[in-house]
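What follows is a single structure, written as structure tokens, with notes after it.
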Amino acid sequence: MKEAGLKLLSFPPDSPPLSIISAAKIAGIDLPIQTSSSASSPTLSFSNGLKLHGNYVILRYIGRLAPIPNFYGDNAFHAAQIDEWLEYTPTISCGSEFENACGYMEVYLEKRTFFVSHYFSIADIAIWSGLAGTGQRWESIRKSNKYPNLVRWYNSISAEYSNPLMEVTALYVGKKGLGKPVAAKSKEVKNVTGDSSDKAKAGSRSSSEIDLPDAEMGKVWLRFAPEPSGFLHIGHAKAALLNQYFAQRYHGEVILRFDDTNPTKESNEFVENLIKDVETLGIKYQKITYTSDYFSKLMALAEKLIKEGKAYVDDTPREQMQKERMDGIESKCRSNSVEENLKLWKEMIAGSERGLQCCLRGKLDMQDPNKSLRDPVYYRCNPVPHHRIGSKYKIYPTYDFACPFVDAEEGITHALRSSEYHDRNAQYHRIQEDMGMRKVHIYEFSRLNMVYTLLSKRKLLWFVQNGKVDGWDDPRFPTVQGIVRRGLKIEALIQFILEQGASKNLNLMEWDKLWTLNKKIIDPVCPRHTAVIEERRLLLTLTNGPDKPFVRIIPRHKKYDGAGEKATTYTKRIWLDYADAECISVDEEVTLMDWGNAIVKEIIKDQDGNITQLVGVLHLEGSVKTTKLKLTWLAETNELVNLSLVEFDYLITKKKLEEGEDFLDALNPCTKKEIAAIGDSNMHNLKQGEILQLERKGYYRCDVPFTRPLKPVVLFAIPDGRQQSVMK
């Protein structure tokens with residue numbers, strides 16, 4: 001029998017089947033979705049008219065259909081085990097049984113990576129979805145570390161399939177830590193006579209949900225419109241992700257538009273990197289457009305406004321013009337005739353000496369209390385060639401003039417703008433009115449501000465141009481490329497931003513919260529390695545240690561098989577950190593991690609009292625529970641890897657710069673520190689971008705992998721949200 005095409009998954013608005021939707025997303029199966037208030041359970045309809053009913057019936061079908069090996073078991077026994085877990089999953093959502101279920105799964109997962117056999121299956125998806133769907137109850141459990149094996153498993157699934165799972169939870173689960181299920185906007189389902197309504201107004205939903213005004217399901221068009229004058233930073237990321245969030249929620253589309261109206265600041269390099277950054281964030285845009293695509297239409301519209309007496313050319317010097325706008329004083333040019341304005345407009349277009357003295361202003365209202373309406377500038381002369389269209393134009397529209405037109409022209413229904421533009425919203429709509437364009441709804445959200453952080457591209461450019469950083473992707477920068485290079489996982493950034501939602505409340509956010517989220521994602525899966533600080537490192541000689549070195553293969557992560565294995569060498573003489581040696585007393589029993597206990601019998605010092613060597617004996621039968629010190633160590637071999645551990649600090653020393661305060665007065669004189677170290681031989685194989693934990697030292701991202709013995713592997717320290725920098 002030929003497989004019928006999937007037509008539609010329908011379900012009750014207040015009971016989205018997270019496991020089915022997640023499985024389809026992970027498997028790459030296109031599954032059209034519709035909510036229906038008349039549905040009592042999930043229903044999967046096919047193009048031939050057949051239907052399947054029920055959560056786990058449909059999930060099993062997806063498991064068989066998916067192009068993922070062993071998704072529904074590799075044999076009959078494993079398939080039956082999966083069925084057993086699917087039958088158990090509803091226990092998770094039973095209030096009184098929740099804790100018992102968590103306890104049962106905690107014990108079961110003690111030595112397991114997945115619920116069935118050694119591979120990811122729909123059993124894992126069902127249980128993950130069941131836990132996520134309980135909302136704050138599960139989040140409280142995660143934070144308490146009451147069930148470490150269950151949390152480790154949950155976090156590893158979240159990290160491995162972060163993009164589809166974040167997309168599903170953003171749409172169907174409340175934003176506060178994967179909170180309670182949210183009622184999706186429901187389309188009215190066609191009745192038997194074929195009548196339908198495409199107006200899908202918001203029904204009941206959780207208090208954390210915020211609606212776009214007059215939004216219709218399937219008819220929402222949004223745009224993310226960065227200026228190509230720098231790389232995308234964390235503030236832009238919030239705008240981009242909120243556009244995607246609303247597009248997904250209303251089954252709409254996002255346009256990526258480059259607001260390229262200032263050739264002095266813009267370049268193709270910035271365009272290319274912005275596209276890269278947007279794709280790194282997982283933003284799915286319908287198409288790419290440029291404001292410069294509309295330059296000819298904008299010029300024609302400007303000339304039309306001149307002829308209608310709604311715009312005029314002004315040659316008032318810029319400083320004087322700004323003062324007149326503040327004081328509500330009309331320009332001497334405001335009463336010029338249409339003929340005179342058109343004459344000067346042509347001088348501007350030609351870029352003549354006379355034209356370069358002028359700008360085009362809208363004739364709005366110089367007495368309006370909202371100063372953005374006091375005859376804003378529409379066009380300025382600029383002889384600098386444009387990065388896309390060269391020297392075709394000598395004049396360029398301002399953002400205030402171009403944006404209302406292009407939004408309406410491209411069919412944008414809702415323009416998301418940060419609340420710093422609030423006073424210019426009236427200007428935006430007045431300009432659309434004068435242009436005779438359709439009104440576009442504006443939705444405001446609060447700008448994302450971070451402590452000790454500059455988000456102004458002008459100020460960030462100063463650091464680049466003055467060599468204070470290594471470029472726009474420097475780990476000290478708040479750019480997407482910078483924070484990813486520092487070791488931030490994109491899923492942590494997405495969760496951080498979606499937790500704030502589209503609130504209009506202004507907040508100064510702490511980086512610690514973001515890095516704490518990041519730690520929860522990387523800790524369950526990142527491999528463990530060992531390093532010893534180069535400076536003053538010393539040897540511990542174990543008199544009863546192995547006469548010949550030997551090697552054991554051990555896991556890179558004791559609770560996550562997916563991290564792989566590593567080779568650990570054991571020798572009679574081992575390297576220790578000097579700081580650890582200072583803490584040891586004679587005859588003290590210590591634990592050598594991944595080996596066993598040893599007793600330090602002798603501490604040898606030089607004439608200045610500095611420790612130069614330790615002597616001890618292995619005591620492998622000793623209990624690790626009785627020792628105070630658990631020490632990392634490295635075998636004395638010639639296979640160790642030279643490391644450079646790099647710590648970073650904030651670029652400025654003030655949490656928040658006050659209005660008018662110069663950032664140059666708050667520069668941090670020391671923002672980077674490099675520490676030489678040696679690492680285990682397995683670190684020869686680290687790849688660029690790989691995240692690891694150096695045991696007892698913290699998390700790191702490999703920025704420069706091994707190339708040759710004399711060139712160190714460069715590891716960037718990743719903040720964990722609580723650990724103090726070594727630079728403090």
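Here, A, B, ... name the chains of the structure tokens in the order displayed, residue numbers run from 1 inside each chain, and ligands are numbered from 1 in the same displayed order.
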Find the residues near region 621-632 of chain A: any atom within 7 Å, counting only C-alpha atoms, skip ones fewer than 5 places away on the same chain, and give them as a list in words.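 Within the cut-off, the hits are Thr530, Glu589, Val590, Thr591, Leu592, Met593 and Asn597 of chain A.
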Who sits within 6 Å of region 32-37 of chain A, only C-alpha atoms, same chain under 6 positions skipped, as a CSV table (one decimal) with C-alpha atoms, in the first residue's frame:
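Listed below is the output, selection.csv:
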```csv
chain,number,residue,atom,x,y,z
A,8,LEU,CA,-3.4,17.8,9.1
A,9,LEU,CA,-2.8,17.3,12.8
A,10,SER,CA,-5.6,18.8,14.8
A,11,PHE,CA,-5.9,18.9,18.6
A,12,PRO,CA,-7.8,20.8,21.4
A,13,PRO,CA,-6.4,24.3,21.9
A,186,SER,CA,-7.5,28.3,17.1
```
For Val168 (chain A): contacts at 8 Å, only C-alpha atoms, fewer than 6 positions along chain excluded, given as a PyMOL selection string: chain A and resi 18+21-22
Would you put the residues from that selection into a file with all heavy atoms, as a PDB file, in the first residue's frame?
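New file selection34.pdb:
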```pdb
ATOM      1  N   LEU A  18       2.629  17.673  22.714  1.00  0.00           N
ATOM      2  CA  LEU A  18       4.040  18.057  22.575  1.00  0.00           C
ATOM      3  C   LEU A  18       4.888  16.940  21.991  1.00  0.00           C
ATOM      4  O   LEU A  18       5.790  17.184  21.188  1.00  0.00           O
ATOM      5  CB  LEU A  18       4.605  18.474  23.932  1.00  0.00           C
ATOM      6  CG  LEU A  18       3.996  19.696  24.624  1.00  0.00           C
ATOM      7  CD1 LEU A  18       4.736  19.980  25.921  1.00  0.00           C
ATOM      8  CD2 LEU A  18       4.044  20.907  23.714  1.00  0.00           C
ATOM      9  N   ILE A  21       4.348  16.677  18.105  1.00  0.00           N
ATOM     10  CA  ILE A  21       4.911  17.836  17.401  1.00  0.00           C
ATOM     11  C   ILE A  21       6.433  17.806  17.481  1.00  0.00           C
ATOM     12  O   ILE A  21       7.128  18.060  16.494  1.00  0.00           O
ATOM     13  CB  ILE A  21       4.349  19.147  17.988  1.00  0.00           C
ATOM     14  CG1 ILE A  21       2.822  19.177  17.878  1.00  0.00           C
ATOM     15  CG2 ILE A  21       4.939  20.352  17.267  1.00  0.00           C
ATOM     16  CD1 ILE A  21       2.154  20.296  18.656  1.00  0.00           C
ATOM     17  N   SER A  22       6.987  17.472  18.650  1.00  0.00           N
ATOM     18  CA  SER A  22       8.443  17.408  18.822  1.00  0.00           C
ATOM     19  C   SER A  22       9.049  16.324  17.942  1.00  0.00           C
ATOM     20  O   SER A  22      10.078  16.538  17.290  1.00  0.00           O
ATOM     21  CB  SER A  22       8.797  17.142  20.286  1.00  0.00           C
ATOM     22  OG  SER A  22       8.315  18.167  21.119  1.00  0.00           O
TER      23      SER A  22
END
```
What is the distance between CA of Tyr452 (chain A) and CA of Trp511 (chain A), in Å to one decimal?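 Straight-line distance from CA of Tyr452 (chain A) to CA of Trp511 (chain A) works out to 9.0 Å.
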Of the candidates A:Met509, A:Ala350, A:Cys403, A:Ile255, which shows the shortest atom-to-atom distance to Met450 (chain A), using only C-alpha atoms? A:Met509
Residues flagged strand (DSSP E) by DSSP in region 552-708 of chain A, as JSON, numbers by chain: {"A": [552, 553, 554, 555, 565, 566, 567, 568, 569, 570, 573, 574, 575, 576, 589, 590, 591, 592, 596, 597, 598, 599, 600, 601, 602, 603, 604, 605, 611, 612, 613, 614, 615, 616, 617, 618, 630, 631, 634, 635, 641, 642, 643, 644, 645, 646, 647, 648, 672, 673, 674, 675, 676, 677, 678, 679, 691, 692, 693, 694, 698, 699, 700, 701, 702, 703, 704]}
Set the distance at 9 Å and use only C-alpha atoms: which residues neighbour region 474-478 of chain A once local chain neighbours fewer than 3 positions away are removed? I'd like the list as an MDAnalysis selection string. chainID A and resid 232:235 453:455 460 469:471 481:487 648:651 671:672 716
Counting only C-alpha atoms, the option among A:Ala79, A:Leu256, A:Ile349, A:Val440 closest to Ala302 (chain A): A:Ile349
For the atom pair CA of Glu324 (chain A) and CA of Met366 (chain A), what is the interatomic distance in Å to one decimal place?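 Interatomic distance here is 9.1 Å.
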Please provide the set of residues having any atom within 9 Å of Gln244 (chain A), restricted to only C-alpha atoms, with same-chain residues fewer than 2 positions apart removed, written as a list in words. Leu222, Phe224, Ala239, Ala240, Leu241, Leu242, Phe246, Ala247, Gln248, Arg249, Gly252, Glu253, Val254, Ile283, Lys284 and Tyr285 of chain A
Could you save the residues just selected, with all heavy atoms, as a CSV table (one decimal), in the first residue's frame?
```
chain,number,residue,atom,x,y,z
A,222,LEU,N,6.0,40.1,9.4
A,222,LEU,CA,6.9,40.8,10.2
A,222,LEU,C,8.2,41.0,9.5
A,222,LEU,O,8.5,40.4,8.5
A,222,LEU,CB,7.1,40.1,11.5
A,222,LEU,CG,5.9,39.7,12.3
A,222,LEU,CD1,6.0,38.4,13.0
A,222,LEU,CD2,5.6,40.8,13.4
A,224,PHE,N,12.5,41.8,10.3
A,224,PHE,CA,13.7,42.1,11.1
A,224,PHE,C,14.6,43.0,10.2
A,224,PHE,O,15.0,42.5,9.2
A,224,PHE,CB,14.3,40.9,11.6
A,224,PHE,CG,15.6,41.2,12.4
A,224,PHE,CD1,15.6,42.0,13.5
A,224,PHE,CD2,16.8,40.6,12.0
A,224,PHE,CE1,16.8,42.3,14.2
A,224,PHE,CE2,18.0,40.8,12.7
A,224,PHE,CZ,18.0,41.7,13.8
A,239,ALA,N,15.3,41.3,19.3
A,239,ALA,CA,14.3,41.7,18.3
A,239,ALA,C,14.1,40.6,17.2
A,239,ALA,O,12.9,40.3,16.8
A,239,ALA,CB,14.8,43.0,17.6
A,240,ALA,N,15.1,40.0,16.8
A,240,ALA,CA,15.0,38.9,15.8
A,240,ALA,C,14.2,37.8,16.3
A,240,ALA,O,13.3,37.2,15.6
A,240,ALA,CB,16.4,38.5,15.3
A,241,LEU,N,14.5,37.3,17.5
A,241,LEU,CA,13.8,36.1,18.1
A,241,LEU,C,12.3,36.4,18.4
A,241,LEU,O,11.5,35.6,18.2
A,241,LEU,CB,14.5,35.7,19.3
A,241,LEU,CG,15.9,35.0,19.1
A,241,LEU,CD1,16.7,34.9,20.4
A,241,LEU,CD2,15.7,33.7,18.4
A,242,LEU,N,12.0,37.7,18.8
A,242,LEU,CA,10.6,38.0,19.0
A,242,LEU,C,9.8,38.0,17.7
A,242,LEU,O,8.7,37.6,17.7
A,242,LEU,CB,10.5,39.4,19.8
A,242,LEU,CG,10.9,39.4,21.2
A,242,LEU,CD1,10.8,40.8,21.8
A,242,LEU,CD2,9.9,38.5,22.0
A,246,PHE,N,6.6,35.5,17.2
A,246,PHE,CA,5.2,35.9,16.8
A,246,PHE,C,4.9,35.3,15.4
A,246,PHE,O,3.7,35.0,15.2
A,246,PHE,CB,5.1,37.5,16.8
A,246,PHE,CG,4.9,38.1,18.1
A,246,PHE,CD1,5.8,39.0,18.6
A,246,PHE,CD2,3.8,37.7,18.9
A,246,PHE,CE1,5.6,39.5,19.9
A,246,PHE,CE2,3.6,38.3,20.2
A,246,PHE,CZ,4.5,39.2,20.7
A,247,ALA,N,5.8,35.2,14.5
A,247,ALA,CA,5.6,34.6,13.2
A,247,ALA,C,5.1,33.2,13.4
A,247,ALA,O,4.2,32.7,12.7
A,247,ALA,CB,6.8,34.7,12.3
A,248,GLN,N,5.8,32.4,14.2
A,248,GLN,CA,5.4,31.0,14.5
A,248,GLN,C,4.1,30.9,15.2
A,248,GLN,O,3.3,30.1,14.8
A,248,GLN,CB,6.5,30.4,15.3
A,248,GLN,CG,7.8,30.2,14.6
A,248,GLN,CD,8.9,29.6,15.5
A,248,GLN,OE1,8.9,29.7,16.7
A,248,GLN,NE2,9.9,29.0,14.9
A,249,ARG,N,3.9,31.8,16.1
A,249,ARG,CA,2.6,31.7,16.9
A,249,ARG,C,1.4,32.0,16.0
A,249,ARG,O,0.3,31.4,16.2
A,249,ARG,CB,2.7,32.7,18.0
A,249,ARG,CG,1.5,32.6,19.0
A,249,ARG,CD,1.7,33.5,20.2
A,249,ARG,NE,0.5,34.1,20.6
A,249,ARG,CZ,0.4,35.2,21.4
A,249,ARG,NH1,1.5,35.7,21.9
A,249,ARG,NH2,-0.7,35.7,21.6
A,252,GLY,N,2.7,33.0,10.6
A,252,GLY,CA,3.0,34.1,9.6
A,252,GLY,C,4.4,34.0,9.1
A,252,GLY,O,5.0,32.9,9.1
A,253,GLU,N,5.0,35.1,8.6
A,253,GLU,CA,6.3,35.1,7.9
A,253,GLU,C,7.1,36.3,8.4
A,253,GLU,O,6.6,37.3,8.9
A,253,GLU,CB,6.2,35.2,6.4
A,253,GLU,CG,5.4,34.1,5.7
A,253,GLU,CD,6.2,32.8,5.6
A,253,GLU,OE1,7.4,32.8,6.0
A,253,GLU,OE2,5.6,31.8,5.2
A,254,VAL,N,8.5,36.1,8.3
A,254,VAL,CA,9.4,37.1,8.7
A,254,VAL,C,10.2,37.4,7.5
A,254,VAL,O,10.7,36.5,6.8
A,254,VAL,CB,10.3,36.7,9.8
A,254,VAL,CG1,11.4,37.8,10.1
A,254,VAL,CG2,9.6,36.4,11.1
A,283,ILE,N,16.8,31.8,12.9
A,283,ILE,CA,15.7,32.6,12.3
A,283,ILE,C,15.4,32.1,10.9
A,283,ILE,O,16.2,32.0,10.1
A,283,ILE,CB,16.0,34.1,12.3
A,283,ILE,CG1,16.5,34.6,13.7
A,283,ILE,CG2,14.9,34.9,11.8
A,283,ILE,CD1,15.5,34.5,14.7
A,284,LYS,N,14.1,31.8,10.7
A,284,LYS,CA,13.6,31.3,9.4
A,284,LYS,C,12.9,32.5,8.7
A,284,LYS,O,11.8,32.8,9.1
A,284,LYS,CB,12.7,30.1,9.6
A,284,LYS,CG,13.4,28.9,10.2
A,284,LYS,CD,12.4,27.7,10.4
A,284,LYS,CE,13.1,26.5,10.9
A,284,LYS,NZ,13.7,26.7,12.2
A,285,TYR,N,13.6,33.1,7.8
A,285,TYR,CA,13.0,34.2,7.1
A,285,TYR,C,12.5,33.8,5.7
A,285,TYR,O,13.1,32.9,5.1
A,285,TYR,CB,14.1,35.4,7.0
A,285,TYR,CG,15.4,35.0,6.4
A,285,TYR,CD1,15.7,34.9,5.1
A,285,TYR,CD2,16.5,34.7,7.3
A,285,TYR,CE1,16.9,34.5,4.6
A,285,TYR,CE2,17.7,34.3,6.8
A,285,TYR,CZ,17.9,34.2,5.4
A,285,TYR,OH,19.1,33.9,5.0
```
Residues at most 6 Å from Leu643 (chain A), counting only C-alpha atoms, excluding those fewer than 2 positions away in the same chain, as a list of chain:residue names?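 Neighbouring residues, sequence-local ones excluded: A:Ala676, A:Ala677, A:Ile678, A:Pro712, A:Val713, A:Val714.
The coordinates place CA of Thr398 (chain A) at 5.4 Å from CA of Tyr378 (chain A).
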As a PyMOL selection string, please: the residues near Leu692 (chain A) (cut-off 12 Å, only C-alpha atoms, same-chain neighbours under 2 positions excluded). chain A and resi 487+519+522-531+556-557+563+682-683+686-690+694-695+697-703+715-718
Selected residue of minimal separation from Arg722 (chain A) among A:Ile604, A:Leu514, A:Leu618, A:Leu165, counting only C-alpha atoms: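 Selected residue with least distance to Arg722 (chain A): A:Leu514.
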Based on DSSP run over this structure's backbone, return all residues of region 506-725 of chain A in helix (DSSP H, G or I), as a count of residues only. 31
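Among A:Ala300, A:Leu50, A:Ile62, A:Cys381, the residue with the shortest atom-to-atom distance to Gly355 (chain A), counting only C-alpha atoms, is A:Cys381.
Nearest-residue note for Asp587 (chain A): choosing from A:Ala567, A:Ala101, A:Val617, A:Ala215, the minimum distance belongs to A:Val617, counting only C-alpha atoms.
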So which one's closest to Gln432 (chain A), A:Ser45, A:Ala80, A:Ser352, A:Val406? Using only C-alpha atoms, please.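 Among the listed residues, A:Val406 lies closest to Gln432 (chain A).
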